[in-house]
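Asks: Submitted below is the structure of interest, expressed as structure tokens.
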Amino acid sequence: MLFPKRDYPANCTLLTCFLLALVPVGAGADTGSSQTGTALPAPLIAQLAEDENVEDVVQSEPRKIAPNVDLKKVAPMPEPEPESESELAGPEPVPSETFTLLGKEVLPGTSTRLAWSPNIQIAGLSQTTPVLVVNGAHTGPTLCLTGAIHGDELNGIEIVRRAMYDLDPAKLSGRVVGVPIVNLSGFQQGSRYLPDRRDLNRYFPGRPDGTLADRIAHSLFTDVIGHCDMLVDIHTGSLKRTNLPQLRADMNNPEVAEFTRGFDRMAVVHSSGSPGMLRTAAVNAGIRAVTLEAGESLRIQEHQIEAGVNSLNSLMEKHGMISRMFVWGDPQPVYYDSTWIRAQHGGILFSDVDLGDRISEGEILGYVADPITNEQYPIRSNSNGRVIGMAVDQVVMAGFAAYHIGTEAEVPGE
């Protein structure tokens with residue numbers, strides 16, 4: 001068993017053990033759904049959305065036409081043809097400056113590890129969250145990478161680690177700030193949520209005098225995110241759901257729509273975002289931001305990680321932060337419309353399709369089997385499109401969001 005029912009620390013004091021004894025067994029685990037598990041006491045239950053992987057699509061505002069942005073072409077910025085050796089060498093890079101973050105000065109051409117603390121823990125048991133910073137030798141934009149806002153989403157942690165440690169400060173133009181594990185307490189417990197059972201990605205930009213989630217969100221947003229020009233917030237599917245590598249972006253925003261063009265081989269799903277999401281708060285603050293989804297929670301998936309790292313490298317190359325021999329792949333679609341297809345019956349889900357499969361209207365995606373009566377209930381697609389997200393085979397109830405289908409909708413006037 002991964003987590004014992006009750007495991008008191010060896011150095012547990014009388015007061016601490018007494019407080020731990022008041023917490024119901026399993027209160028720190030990720031329930032994921034209200035269909036199973038014992039109900040928590042009312043003060044510990046947060047008003048949680050069904051799942052932002054579902055909700056931010058279901059409640060997304062219809063796409064409007066973003067003016068002066070060609071959304072169908074995803075390609076690197078054209079480079080002028082050099083006419084002489086001096087032009088071939090390009091303009092002389094502008095030296096960078098000292099970067100101040102979290103009260104520390106990071107010199108040009110150096111990398112370091114800082115510590116962020118939202119100051120919400122018990123003073124004697126406080127724990128800081130590592131923040132990786134690479135300050136390039138040359139001037140350029142500041143990119144922020146965040147992972148594990150949900151503590152059980154492991155792919156993002158590895159994507160941030162590989163991207164950060166692959167950078168050479170002497171050759172970098174600009175700065176990259178990486179927070180591999182935002183929700184450190186959730187990560188240590190294998191839980192999606194904060195200790196108070198709230199979803200941190202519903203509380204940005206936060207408040208200094210609000211709930212625990214408010215205070216953590218406010219601290220991160222003020223002390224770290226606010227110093228960046230661009231943000232990539234990395235997630236996975238929620239409990240027992242998986243996502244094709246993709247960007248979630250508000251394609252109604254011209255700057256965000258243009259920003260998505262820097263990610264190589266990455267499908268884009270239009271999602272206006274929900275209030276409280278980090279990327280929504282960042283865009284409202286004038287920071288170009290997207291969510292990068294890759295794979296499923298509680299797993300390390302090499303293919304998904306490689307796709308994420310590749311897309312971040314292409315983004316930095318596009319913005320002139322790094323200079324590498326980078327071969328761009330074929331443009332991936334932009335899914336302006338997408339929908340979740342739900343199970344109409346309870347039982348055990350068995351899928352006949354895989355992530356990335358192209359499907360037709362009426363095609364059987366899978367079926368739900370009643371384990372007692374042996375009834376088989378097929379789940380059919382309601383449109384032509386592509387499977388960009390899906391539930392892994394599991395026990396489901398009627399109404400469960402099982403398949404996320406992306407549609408390349410026609411753009412009026414094009």
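Residue numbering restarts at 1 for every chain of the structure tokens, chains are lettered A, B, ... in their displayed order, and ligands are numbered from 1 as they appear.
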Identify, on the basis of only C-alpha atoms, every residue whose closest approach to A:Phe400 does not exceed 8 Å; exclude the query and any residue fewer than 6 positions from it along the same chain; express the result as a list of chain:residue names.

Replies: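 Those residues are A:Arg342, A:Ala343, A:Gln344.
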
Asks: How would the residues just chosen look if you wrote them out with all heavy atoms as a PDB file, in the first residue's frame?

Replies:
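result.pdb, written as the output of this step:
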ATOM      1  N   ARG A 342     -19.910  11.909 -23.298  1.00  0.00           N
ATOM      2  CA  ARG A 342     -20.121  11.308 -21.981  1.00  0.00           C
ATOM      3  C   ARG A 342     -20.766   9.926 -22.077  1.00  0.00           C
ATOM      4  O   ARG A 342     -21.529   9.646 -23.001  1.00  0.00           O
ATOM      5  CB  ARG A 342     -20.993  12.228 -21.117  1.00  0.00           C
ATOM      6  CG  ARG A 342     -20.347  13.587 -20.852  1.00  0.00           C
ATOM      7  CD  ARG A 342     -21.263  14.511 -20.063  1.00  0.00           C
ATOM      8  NE  ARG A 342     -20.640  15.815 -19.848  1.00  0.00           N
ATOM      9  CZ  ARG A 342     -19.849  16.108 -18.824  1.00  0.00           C
ATOM     10  NH1 ARG A 342     -19.597  15.187 -17.907  1.00  0.00           N
ATOM     11  NH2 ARG A 342     -19.318  17.307 -18.701  1.00  0.00           N
ATOM     12  N   ALA A 343     -20.444   9.104 -21.110  1.00  0.00           N
ATOM     13  CA  ALA A 343     -21.079   7.790 -21.004  1.00  0.00           C
ATOM     14  C   ALA A 343     -22.533   7.971 -20.596  1.00  0.00           C
ATOM     15  O   ALA A 343     -22.849   8.805 -19.745  1.00  0.00           O
ATOM     16  CB  ALA A 343     -20.341   6.939 -19.986  1.00  0.00           C
ATOM     17  N   GLN A 344     -23.407   7.197 -21.202  1.00  0.00           N
ATOM     18  CA  GLN A 344     -24.827   7.284 -20.893  1.00  0.00           C
ATOM     19  C   GLN A 344     -25.274   6.206 -19.910  1.00  0.00           C
ATOM     20  O   GLN A 344     -26.405   6.230 -19.435  1.00  0.00           O
ATOM     21  CB  GLN A 344     -25.647   7.173 -22.183  1.00  0.00           C
ATOM     22  CG  GLN A 344     -25.351   8.251 -23.199  1.00  0.00           C
ATOM     23  CD  GLN A 344     -25.579   9.648 -22.657  1.00  0.00           C
ATOM     24  OE1 GLN A 344     -26.593   9.912 -21.999  1.00  0.00           O
ATOM     25  NE2 GLN A 344     -24.625  10.556 -22.903  1.00  0.00           N
TER      26      GLN A 344
END

Asks: Among stretch 123-301 of chain A, which residues does DSSP mark as strand (DSSP E) when it is run on the backbone? Keep the chain and numbering as in the structure and answer as a ChimeraX atom specification.

Replies: /A:129-135,138-147,173-179,230-235,241-249,267-270,288-296

Asks: Could you please determine the separation between atom CA of A:Leu292 and atom CA of A:Thr260 in Å, to one decimal place?

Replies: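 Computing it gives 10.4 Å between the two atoms.
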
Asks: For A:Glu408, please output as JSON, numbers by chain all residues within 12 Å (counting only C-alpha atoms; exclusion window: fewer than 3 positions along the same chain).

Replies: {"A": [71, 72, 267, 268, 269, 270, 332, 333, 334, 335, 336, 337, 338, 339, 358, 383, 384, 385, 386, 388, 405, 411]}

Asks: Find the spatial neighbours of A:Met230, counting only C-alpha atoms, within a cut-off of 7 Å - ignore same-chain residues fewer than 4 positions away - and output them as an mmCIF file with C-alpha atoms, in the first residue's frame.

Replies:
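Heads up, here's the output in around06.cif:
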data_model
loop_
_atom_site.group_PDB
_atom_site.id
_atom_site.type_symbol
_atom_site.label_atom_id
_atom_site.label_comp_id
_atom_site.auth_asym_id
_atom_site.auth_seq_id
_atom_site.Cartn_x
_atom_site.Cartn_y
_atom_site.Cartn_z
ATOM 1 C CA THR A 142 11.770 36.237 -19.671
ATOM 2 C CA LEU A 143 10.027 32.868 -19.951
ATOM 3 C CA CYS A 144 8.409 31.208 -16.940
ATOM 4 C CA ILE A 287 1.619 38.039 -19.837
ATOM 5 C CA ARG A 288 1.369 35.789 -22.888
ATOM 6 C CA ALA A 289 0.375 32.434 -21.447
#
